[in-house]
$ cat model-v2.cif   # mmCIF, C-alpha atoms and all ligand atoms
data_run
#
loop_
_atom_site.label_atom_id
_atom_site.label_comp_id
_atom_site.auth_asym_id
_atom_site.auth_seq_id
_atom_site.Cartn_x
_atom_site.Cartn_y
_atom_site.Cartn_z
CA MET L 1 -118.14 -5.53 -0.77
CA PRO L 2 -115.10 -4.22 1.07
CA SER L 3 -111.55 -4.26 -0.11
CA ILE L 4 -109.74 -6.72 2.17
CA LEU L 5 -106.00 -6.11 2.58
CA ALA L 6 -103.63 -8.40 4.47
CA VAL L 7 -100.52 -6.62 5.78
CA VAL L 8 -97.89 -9.33 5.60
CA ASN L 9 -94.17 -9.90 6.02
CA GLN L 10 -92.76 -12.85 7.93
CA LYS L 11 -90.00 -10.62 9.26
CA GLY L 12 -90.70 -8.82 12.51
CA GLY L 13 -90.05 -5.12 12.95
CA VAL L 14 -90.55 -4.08 9.32
CA GLY L 15 -93.51 -1.79 9.97
CA LYS L 16 -96.57 -4.04 9.50
CA THR L 17 -98.37 -2.82 12.60
CA THR L 18 -97.39 0.82 12.11
CA THR L 19 -98.72 0.57 8.57
CA SER L 20 -101.94 -1.21 9.58
CA VAL L 21 -102.85 1.26 12.32
CA ASN L 22 -101.97 4.40 10.37
CA VAL L 23 -103.57 3.32 7.11
CA ALA L 24 -106.72 2.32 9.03
CA ALA L 25 -106.87 5.77 10.67
CA ALA L 26 -106.02 7.63 7.45
CA LEU L 27 -108.69 5.78 5.45
CA ALA L 28 -111.22 6.39 8.24
CA GLN L 29 -110.31 10.06 8.20
CA SER L 30 -111.14 10.25 4.51
CA GLY L 31 -114.61 8.89 5.18
CA GLN L 32 -114.07 5.17 4.60
CA ARG L 33 -115.68 2.62 6.91
CA VAL L 34 -112.74 0.61 8.21
CA LEU L 35 -112.26 -2.58 10.22
CA LEU L 36 -108.79 -3.49 11.50
CA VAL L 37 -108.18 -7.10 12.50
CA ASP L 38 -105.22 -7.70 14.83
CA LEU L 39 -103.95 -11.17 13.98
CA ASP L 40 -100.71 -11.03 16.00
CA PRO L 41 -100.55 -12.48 19.55
CA GLN L 42 -98.31 -9.54 20.46
CA GLY L 43 -101.42 -7.34 20.24
CA ASN L 44 -99.45 -4.31 19.09
CA ALA L 45 -102.15 -3.10 16.71
CA THR L 46 -104.64 -3.40 19.58
CA MET L 47 -102.52 -1.30 21.95
CA GLY L 48 -101.58 1.13 19.18
CA SER L 49 -105.30 1.65 18.57
CA GLY L 50 -105.78 2.66 22.21
CA VAL L 51 -107.40 -0.61 23.35
CA ASP L 52 -105.90 -2.35 26.38
CA LYS L 53 -105.15 -5.93 25.33
CA ARG L 54 -105.01 -7.14 28.96
CA THR L 55 -108.64 -6.41 29.77
CA LEU L 56 -110.41 -8.12 26.87
CA ALA L 57 -113.02 -10.83 27.42
CA ARG L 58 -113.28 -11.67 23.72
CA THR L 59 -110.62 -11.40 21.02
CA VAL L 60 -109.86 -12.70 17.53
CA TYR L 61 -108.80 -15.93 19.25
CA HIS L 62 -112.42 -16.72 20.17
CA VAL L 63 -113.53 -15.77 16.68
CA LEU L 64 -111.06 -18.12 14.98
CA LEU L 65 -111.85 -21.03 17.27
CA GLY L 66 -115.59 -20.58 16.80
CA LEU L 67 -116.15 -19.72 20.47
CA GLY L 68 -118.04 -16.55 19.56
CA ASP L 69 -118.84 -14.47 16.51
CA LEU L 70 -116.90 -11.46 15.34
CA THR L 71 -119.42 -8.92 16.56
CA GLY L 72 -118.86 -10.13 20.13
CA ALA L 73 -115.14 -9.41 19.92
CA ARG L 74 -115.31 -6.24 17.86
CA THR L 75 -114.66 -2.94 19.58
CA ARG L 76 -114.23 0.69 18.57
CA ALA L 77 -110.88 2.45 18.19
CA ASP L 78 -112.39 5.79 19.17
CA LYS L 79 -109.46 8.04 18.35
CA GLY L 80 -108.67 6.27 15.10
CA GLY L 81 -112.29 6.27 13.95
CA TYR L 82 -112.32 2.61 12.95
CA ASP L 83 -113.53 -0.72 14.32
CA LEU L 84 -111.05 -3.21 15.74
CA VAL L 85 -111.02 -6.94 16.31
CA PRO L 86 -108.37 -7.07 19.04
CA ALA L 87 -105.79 -9.70 19.89
CA ASN L 88 -103.64 -10.66 22.84
CA ARG L 89 -101.31 -13.48 23.83
CA GLU L 90 -104.17 -15.95 23.99
CA LEU L 91 -103.95 -16.02 20.20
CA ALA L 92 -100.57 -17.79 20.41
CA GLY L 93 -102.45 -20.97 21.33
CA ALA L 94 -104.71 -20.76 18.30
CA GLU L 95 -101.95 -21.89 15.98
CA VAL L 96 -101.91 -25.37 17.59
CA GLU L 97 -105.64 -25.59 18.34
CA LEU L 98 -106.64 -24.64 14.79
CA VAL L 99 -104.77 -27.57 13.27
CA GLU L 100 -107.38 -29.95 14.67
CA LEU L 101 -110.38 -28.00 13.42
CA PRO L 102 -112.25 -28.29 10.11
CA GLY L 103 -111.65 -25.46 7.64
CA ARG L 104 -108.61 -24.35 9.56
CA GLU L 105 -107.41 -22.02 6.78
CA THR L 106 -110.78 -20.42 6.08
CA ARG L 107 -111.88 -19.52 9.62
CA LEU L 108 -111.14 -15.79 9.37
CA LYS L 109 -112.75 -15.58 5.95
CA GLY L 110 -115.90 -17.19 7.33
CA ALA L 111 -115.96 -14.92 10.36
CA LEU L 112 -115.63 -11.75 8.26
CA ALA L 113 -118.39 -12.64 5.78
CA PRO L 114 -121.36 -11.57 7.97
CA VAL L 115 -119.91 -8.09 8.66
CA ALA L 116 -118.30 -7.45 5.26
CA GLY L 117 -121.18 -5.24 4.10
CA GLU L 118 -120.53 -2.80 6.94
CA TYR L 119 -117.08 -1.78 5.64
CA ASP L 120 -115.24 -0.24 2.72
CA TYR L 121 -111.86 -1.55 3.91
CA ILE L 122 -110.82 -4.44 6.11
CA LEU L 123 -107.12 -4.47 7.08
CA ILE L 124 -105.50 -7.52 8.66
CA ASP L 125 -102.28 -7.00 10.65
CA CYS L 126 -100.38 -10.28 10.48
CA PRO L 127 -97.84 -11.90 12.84
CA PRO L 128 -94.15 -12.14 11.83
CA SER L 129 -94.43 -15.64 10.35
CA LEU L 130 -95.93 -17.53 7.42
CA SER L 131 -98.03 -19.54 9.86
CA LEU L 132 -101.61 -20.76 9.84
CA LEU L 133 -102.67 -17.35 11.14
CA THR L 134 -101.08 -15.63 8.15
CA VAL L 135 -102.59 -18.24 5.82
CA ASN L 136 -106.00 -17.36 7.30
CA ALA L 137 -105.34 -13.71 6.46
CA LEU L 138 -104.20 -14.54 2.91
CA THR L 139 -107.28 -16.69 2.40
CA ALA L 140 -109.64 -13.96 3.63
CA ALA L 141 -107.97 -11.13 1.68
CA GLN L 142 -108.12 -10.02 -1.93
CA ARG L 143 -104.80 -8.27 -1.81
CA VAL L 144 -101.53 -8.23 0.10
CA LEU L 145 -99.70 -5.13 1.29
CA ILE L 146 -96.05 -5.94 2.00
CA PRO L 147 -94.12 -3.48 4.18
CA MET L 148 -90.37 -3.93 3.94
CA GLN L 149 -87.14 -2.31 4.94
CA CYS L 150 -84.69 -1.70 2.13
CA GLU L 151 -81.89 -3.94 3.34
CA TYR L 152 -80.06 -6.82 1.74
CA TYR L 153 -81.99 -9.74 3.28
CA ALA L 154 -85.33 -8.11 2.53
CA LEU L 155 -85.25 -9.43 -1.04
CA GLU L 156 -84.50 -12.97 0.09
CA GLY L 157 -87.47 -12.94 2.48
CA LEU L 158 -89.65 -11.63 -0.29
CA SER L 159 -89.22 -14.75 -2.42
CA ASP L 160 -90.48 -16.95 0.46
CA LEU L 161 -93.48 -14.68 0.86
CA VAL L 162 -94.23 -14.66 -2.86
CA GLY L 163 -94.03 -18.48 -2.77
CA THR L 164 -96.59 -18.61 0.05
CA ILE L 165 -98.87 -16.21 -1.82
CA LYS L 166 -98.66 -18.47 -4.90
CA ARG L 167 -99.54 -21.57 -2.86
CA VAL L 168 -102.52 -19.86 -1.23
CA ARG L 169 -103.63 -18.64 -4.65
CA ALA L 170 -103.41 -22.17 -6.08
CA ASN L 171 -105.17 -23.93 -3.20
CA LEU L 172 -107.39 -21.55 -1.29
CA ASN L 173 -107.85 -18.12 -2.85
CA PRO L 174 -107.46 -17.82 -6.65
CA GLN L 175 -108.15 -14.06 -6.68
CA LEU L 176 -105.32 -13.17 -4.28
CA GLU L 177 -102.85 -10.62 -5.59
CA ILE L 178 -100.14 -8.32 -4.36
CA ALA L 179 -101.51 -4.84 -3.71
CA GLY L 180 -98.09 -3.33 -3.31
CA LEU L 181 -94.68 -3.31 -1.71
CA LEU L 182 -94.18 -0.51 0.78
CA ARG L 183 -90.73 0.80 1.58
CA THR L 184 -90.62 1.57 5.31
CA MET L 185 -88.13 3.19 7.70
CA TYR L 186 -86.39 4.53 4.66
CA ASP L 187 -83.14 6.42 5.08
CA PRO L 188 -82.21 8.16 1.80
CA ARG L 189 -78.63 8.78 3.01
CA ASN L 190 -77.97 5.05 3.18
CA THR L 191 -76.51 3.81 -0.13
CA LEU L 192 -77.63 0.22 0.38
CA SER L 193 -81.21 1.42 1.01
CA GLN L 194 -81.11 3.31 -2.27
CA GLN L 195 -79.79 0.27 -4.13
CA VAL L 196 -82.36 -2.12 -2.69
CA SER L 197 -85.10 0.40 -3.38
CA GLN L 198 -84.00 0.63 -7.02
CA GLN L 199 -83.86 -3.18 -7.30
CA LEU L 200 -87.41 -3.38 -5.98
CA GLU L 201 -88.60 -0.92 -8.58
CA ALA L 202 -86.75 -2.81 -11.31
CA HIS L 203 -88.22 -6.20 -10.33
CA PHE L 204 -91.72 -5.25 -9.21
CA GLY L 205 -92.38 -2.09 -11.24
CA THR L 206 -95.79 -0.60 -10.54
CA LYS L 207 -96.31 -3.04 -7.64
CA VAL L 208 -94.03 -0.79 -5.57
CA TYR L 209 -96.00 2.01 -3.89
CA LYS L 210 -94.80 5.45 -4.91
CA THR L 211 -95.09 6.54 -1.30
CA VAL L 212 -91.97 5.84 0.74
CA VAL L 213 -92.23 5.90 4.55
CA PRO L 214 -89.18 7.58 6.08
CA ARG L 215 -87.65 6.66 9.40
CA ASN L 216 -89.48 9.04 11.72
CA VAL L 217 -89.52 9.04 15.50
CA ARG L 218 -93.15 10.26 15.69
CA LEU L 219 -94.29 6.96 14.19
CA ALA L 220 -92.44 5.08 16.92
CA GLU L 221 -93.71 7.31 19.73
CA ALA L 222 -97.41 7.33 18.85
CA PRO L 223 -98.21 3.74 19.97
CA SER L 224 -97.25 4.51 23.56
CA TYR L 225 -100.08 7.07 23.58
CA GLY L 226 -102.54 4.64 21.99
CA VAL L 227 -103.13 7.02 19.10
CA PRO L 228 -102.22 6.48 15.43
CA ALA L 229 -99.46 8.89 14.38
CA VAL L 230 -101.61 10.32 11.57
CA LEU L 231 -103.78 11.79 14.34
CA TRP L 232 -101.20 12.36 17.05
CA ASP L 233 -98.89 14.48 14.91
CA ALA L 234 -100.42 14.82 11.48
CA ALA L 235 -97.74 17.26 10.32
CA SER L 236 -94.85 14.86 11.00
CA LYS L 237 -93.05 13.35 8.01
CA GLY L 238 -94.13 9.85 9.03
CA ALA L 239 -97.80 10.79 9.32
CA GLN L 240 -97.65 12.63 6.01
CA ALA L 241 -96.28 9.51 4.34
CA TYR L 242 -99.12 7.34 5.65
CA LEU L 243 -101.72 9.92 4.60
CA ALA L 244 -100.15 9.85 1.12
CA LEU L 245 -100.19 6.04 1.13
CA ALA L 246 -103.90 5.99 2.02
CA ALA L 247 -104.56 8.38 -0.87
CA GLU L 248 -102.55 6.10 -3.16
CA ILE L 249 -104.54 3.06 -2.00
CA LEU L 250 -107.82 4.90 -2.60
CA ALA L 251 -106.71 6.05 -6.06
CA GLY L 252 -105.65 2.48 -6.93
CA GLU L 253 -109.08 1.17 -6.01
CA LYS L 254 -110.71 3.78 -8.19
CA SER L 255 -108.59 2.97 -11.21
CA MET L 256 -109.16 -0.77 -10.66
CA GLY L 257 -112.87 -0.06 -10.54
CA ALA L 258 -112.66 1.90 -13.76
CA ALA L 259 -110.80 -0.94 -15.47
CA ALA L 260 -113.33 -3.57 -14.39
N1 LIG P 301 -91.04 4.59 9.70
C1 LIG P 301 -90.67 4.35 10.96
N2 LIG P 301 -89.78 5.16 11.57
C2 LIG P 301 -89.38 4.90 12.84
N3 LIG P 301 -89.79 3.89 13.57
C3 LIG P 301 -90.69 3.04 13.01
C4 LIG P 301 -91.17 3.23 11.70
N4 LIG P 301 -92.06 2.22 11.41
C5 LIG P 301 -92.12 1.47 12.51
N5 LIG P 301 -91.31 1.94 13.49
C6 LIG P 301 -91.05 1.33 14.80
O1 LIG P 301 -90.31 0.14 14.58
C7 LIG P 301 -90.79 -0.92 15.39
C8 LIG P 301 -91.34 -2.05 14.53
O2 LIG P 301 -92.45 -1.58 13.79
P1 LIG P 301 -93.79 -2.43 13.71
O3 LIG P 301 -94.78 -1.62 12.93
O4 LIG P 301 -94.23 -2.87 15.06
O5 LIG P 301 -93.30 -3.67 12.85
P2 LIG P 301 -93.92 -5.14 12.68
O6 LIG P 301 -95.39 -5.04 12.94
O7 LIG P 301 -93.60 -5.51 11.27
O8 LIG P 301 -93.22 -6.02 13.66
C9 LIG P 301 -91.84 -0.30 16.30
O9 LIG P 301 -91.22 0.09 17.49
C10 LIG P 301 -92.31 0.91 15.51
O10 LIG P 301 -92.81 1.93 16.36
MG MG P 302 -96.59 -6.11 14.28
#
$ encode --input "model-v2.cif" --output "structure tokens"
Amino acid sequence: MPSILAVVNQKGGVGKTTTSVNVAAALAQSGQRVLLVDLDPQGNATMGSGVDKRTLARTVYHVLLGLGDLTGARTRADKGGYDLVPANRELAGAEVELVELPGRETRLKGALAPVAGEYDYILIDCPPSLSLLTVNALTAAQRVLIPMQCEYYALEGLSDLVGTIKRVRANLNPQLEIAGLLRTMYDPRNTLSQQVSQQLEAHFGTKVYKTVVPRNVRLAEAPSYGVPAVLWDAASKGAQAYLALAAEILAGEKSMGAAA
């Protein structure tokens, strides 16, 4: 069975999509079979994977609403070396339409079940909200990867997210746990960043990934070429950080396996 990771933070612009796309490509590069699910109507993970969101007949929207199965929407991110369930703005309507449907929180989980055996990792790139879409991701996942910028309000947002994770755990998905907190767009010269980073380590201990992703322009440029930065400029500091993060994720799985 694959390891299913939801990449979640209700704040926009914290690096969820950058993390999803680059970790997907880095894991694929190390021989893992990877599926990336774009669960954001903005479709940034789709575009960043080199798939044009404007030309798609079938997306994750159809999958969630039961209008088609996942294999009909799935496509290949050729450069990244992983499979993709794409999204576009159509998905914005799903939020309202899902409310009426049975099993509205478990639709993604149900859709992933038939293909789960084909993958080692399934990554879910979530929208910037704690909406029904994000609840679907948290219900389908075993673990949550939380990218965050080290700024003052980051900690406040984190308690809302932890609350949502606890509610999903209590009602829908008892096995759900936090995989790790990822410090993104880190600027070591900024004193506040350093302080928040230290607070994170103090509060969350080993749940904070050792890898820190620096602010790096190559990470921001890569999406406009439709290529993950780990492939576009593998030597860049940003790419190196995501390659290190993928190695950390793989090592964590191994040690969890050893403990079980
Ligand atoms: N480490 C980084 N350094 C520089 N720019 C980054 C970095 N991570 C993300 N970005 C850029 O910041 C913006 C927001 O990142 P994104 O991954 O789309 O966040 P989210 O998915 O959480 O909204 C994008 O333009 C992205 O290219
Ligand atoms: Mg995003």
$ residues_around --input "model-v2.cif" --residues "region 185-190 of chain L" --least-positions-apart "3" --cutoff "9 Å" --atoms "only C-alpha atoms" --output "ChimeraX atom specification"
/L:14-15,148-150,193-195,212-216
$ closest_residue --input "model-v2.cif" --among "L:Ala57, L:Leu245, L:Val85, L:Ala234" --to "Arg183 (chain L)" --atoms "only C-alpha atoms"
L:Leu245
$ residues_near_ligand --input "model-v2.cif" --ligand "ligand MG 302 (chain P)" --cutoff "7 Å" --atoms "only C-alpha atoms and all ligand atoms" --output "compact mmCIF listing (two decimals) with C-alpha atoms, keeping the file's coordinate frame"
# COMPACT_ATOMS: atom_id res chain seq x y z
CA GLY L 12 -90.70 -8.82 12.51
CA GLY L 13 -90.05 -5.12 12.95
CA GLY L 15 -93.51 -1.79 9.97
CA LYS L 16 -96.57 -4.04 9.50
CA THR L 17 -98.37 -2.82 12.60
CA ASP L 40 -100.71 -11.03 16.00
CA ASN L 44 -99.45 -4.31 19.09
CA ALA L 45 -102.15 -3.10 16.71
CA ASP L 125 -102.28 -7.00 10.65
CA CYS L 126 -100.38 -10.28 10.48
CA PRO L 127 -97.84 -11.90 12.84
CA PRO L 128 -94.15 -12.14 11.83
$ residues_around --input "model-v2.cif" --residues "Gln10 (chain L)" --least-positions-apart "5" --cutoff "9 Å" --atoms "only C-alpha atoms" --output "PyMOL selection string"
chain L and resi 126-131+134+157-158+160-161
$ closest_atom_pairs --input "model-v2.cif" --of "region 23-56 of chain L" --to "region 74-78 of chain L" --cutoff "12 Å" --atoms "all atoms listed in the file" --output "JSON lines"
{"residue": "L:Ala24", "atom": "CA", "partner": "L:Ala77", "partner_atom": "CA", "distance": 10.1}
{"residue": "L:Ala25", "atom": "CA", "partner": "L:Ala77", "partner_atom": "CA", "distance": 9.1}
{"residue": "L:Ala28", "atom": "CA", "partner": "L:Ala77", "partner_atom": "CA", "distance": 10.7}
{"residue": "L:Gln29", "atom": "CA", "partner": "L:Asp78", "partner_atom": "CA", "distance": 12.0}
{"residue": "L:Arg33", "atom": "CA", "partner": "L:Arg76", "partner_atom": "CA", "distance": 11.9}
{"residue": "L:Val34", "atom": "CA", "partner": "L:Ala77", "partner_atom": "CA", "distance": 10.3}
{"residue": "L:Leu35", "atom": "CA", "partner": "L:Arg74", "partner_atom": "CA", "distance": 9.0}
{"residue": "L:Leu36", "atom": "CA", "partner": "L:Ala77", "partner_atom": "CA", "distance": 9.2}
{"residue": "L:Val37", "atom": "CA", "partner": "L:Arg74", "partner_atom": "CA", "distance": 9.0}
{"residue": "L:Asp38", "atom": "CA", "partner": "L:Arg74", "partner_atom": "CA", "distance": 10.6}
{"residue": "L:Ala45", "atom": "CA", "partner": "L:Ala77", "partner_atom": "CA", "distance": 10.5}
{"residue": "L:Thr46", "atom": "CA", "partner": "L:Ala77", "partner_atom": "CA", "distance": 8.7}
{"residue": "L:Met47", "atom": "CA", "partner": "L:Ala77", "partner_atom": "CA", "distance": 9.9}
{"residue": "L:Gly48", "atom": "CA", "partner": "L:Ala77", "partner_atom": "CA", "distance": 9.4}
{"residue": "L:Ser49", "atom": "CA", "partner": "L:Ala77", "partner_atom": "CA", "distance": 5.6}
{"residue": "L:Gly50", "atom": "CA", "partner": "L:Ala77", "partner_atom": "CA", "distance": 6.5}
{"residue": "L:Val51", "atom": "CA", "partner": "L:Ala77", "partner_atom": "CA", "distance": 6.9}
{"residue": "L:Asp52", "atom": "CA", "partner": "L:Ala77", "partner_atom": "CA", "distance": 10.7}
{"residue": "L:Lys53", "atom": "CA", "partner": "L:Thr75", "partner_atom": "CA", "distance": 11.5}
{"residue": "L:Leu56", "atom": "CA", "partner": "L:Thr75", "partner_atom": "CA", "distance": 9.9}
$ write_last_selection --input "model-v2.cif" --atoms "C-alpha atoms" --output "CSV table (one decimal), in the coordinates of the input"
chain,number,residue,atom,x,y,z
L,24,ALA,CA,-106.7,2.3,9.0
L,25,ALA,CA,-106.9,5.8,10.7
L,28,ALA,CA,-111.2,6.4,8.2
L,29,GLN,CA,-110.3,10.1,8.2
L,33,ARG,CA,-115.7,2.6,6.9
L,34,VAL,CA,-112.7,0.6,8.2
L,35,LEU,CA,-112.3,-2.6,10.2
L,36,LEU,CA,-108.8,-3.5,11.5
L,37,VAL,CA,-108.2,-7.1,12.5
L,38,ASP,CA,-105.2,-7.7,14.8
L,45,ALA,CA,-102.2,-3.1,16.7
L,46,THR,CA,-104.6,-3.4,19.6
L,47,MET,CA,-102.5,-1.3,22.0
L,48,GLY,CA,-101.6,1.1,19.2
L,49,SER,CA,-105.3,1.6,18.6
L,50,GLY,CA,-105.8,2.7,22.2
L,51,VAL,CA,-107.4,-0.6,23.4
L,52,ASP,CA,-105.9,-2.4,26.4
L,53,LYS,CA,-105.2,-5.9,25.3
L,56,LEU,CA,-110.4,-8.1,26.9
$ closest_residue --input "model-v2.cif" --among "L:Val63, L:Ile122, L:Ala229, L:Ala247" --to "ligand LIG 301 (chain P)" --atoms "all atoms listed in the file"
L:Ala229
$ closest_residue --input "model-v2.cif" --among "L:Pro102, L:Gly238, L:Gly66, L:Gly117" --to "Ala220 (chain L)" --atoms "only C-alpha atoms"
L:Gly238
$ closest_residue --input "model-v2.cif" --among "L:Tyr61, L:Ala179, L:Gly81, L:Pro114" --to "Glu97 (chain L)" --atoms "only C-alpha atoms"
L:Tyr61
$ closest_residue --input "model-v2.cif" --among "L:Gly31, L:Gly80, L:Pro147, L:Pro174" --to "Ala222 (chain L)" --atoms "all atoms listed in the file"
L:Gly80
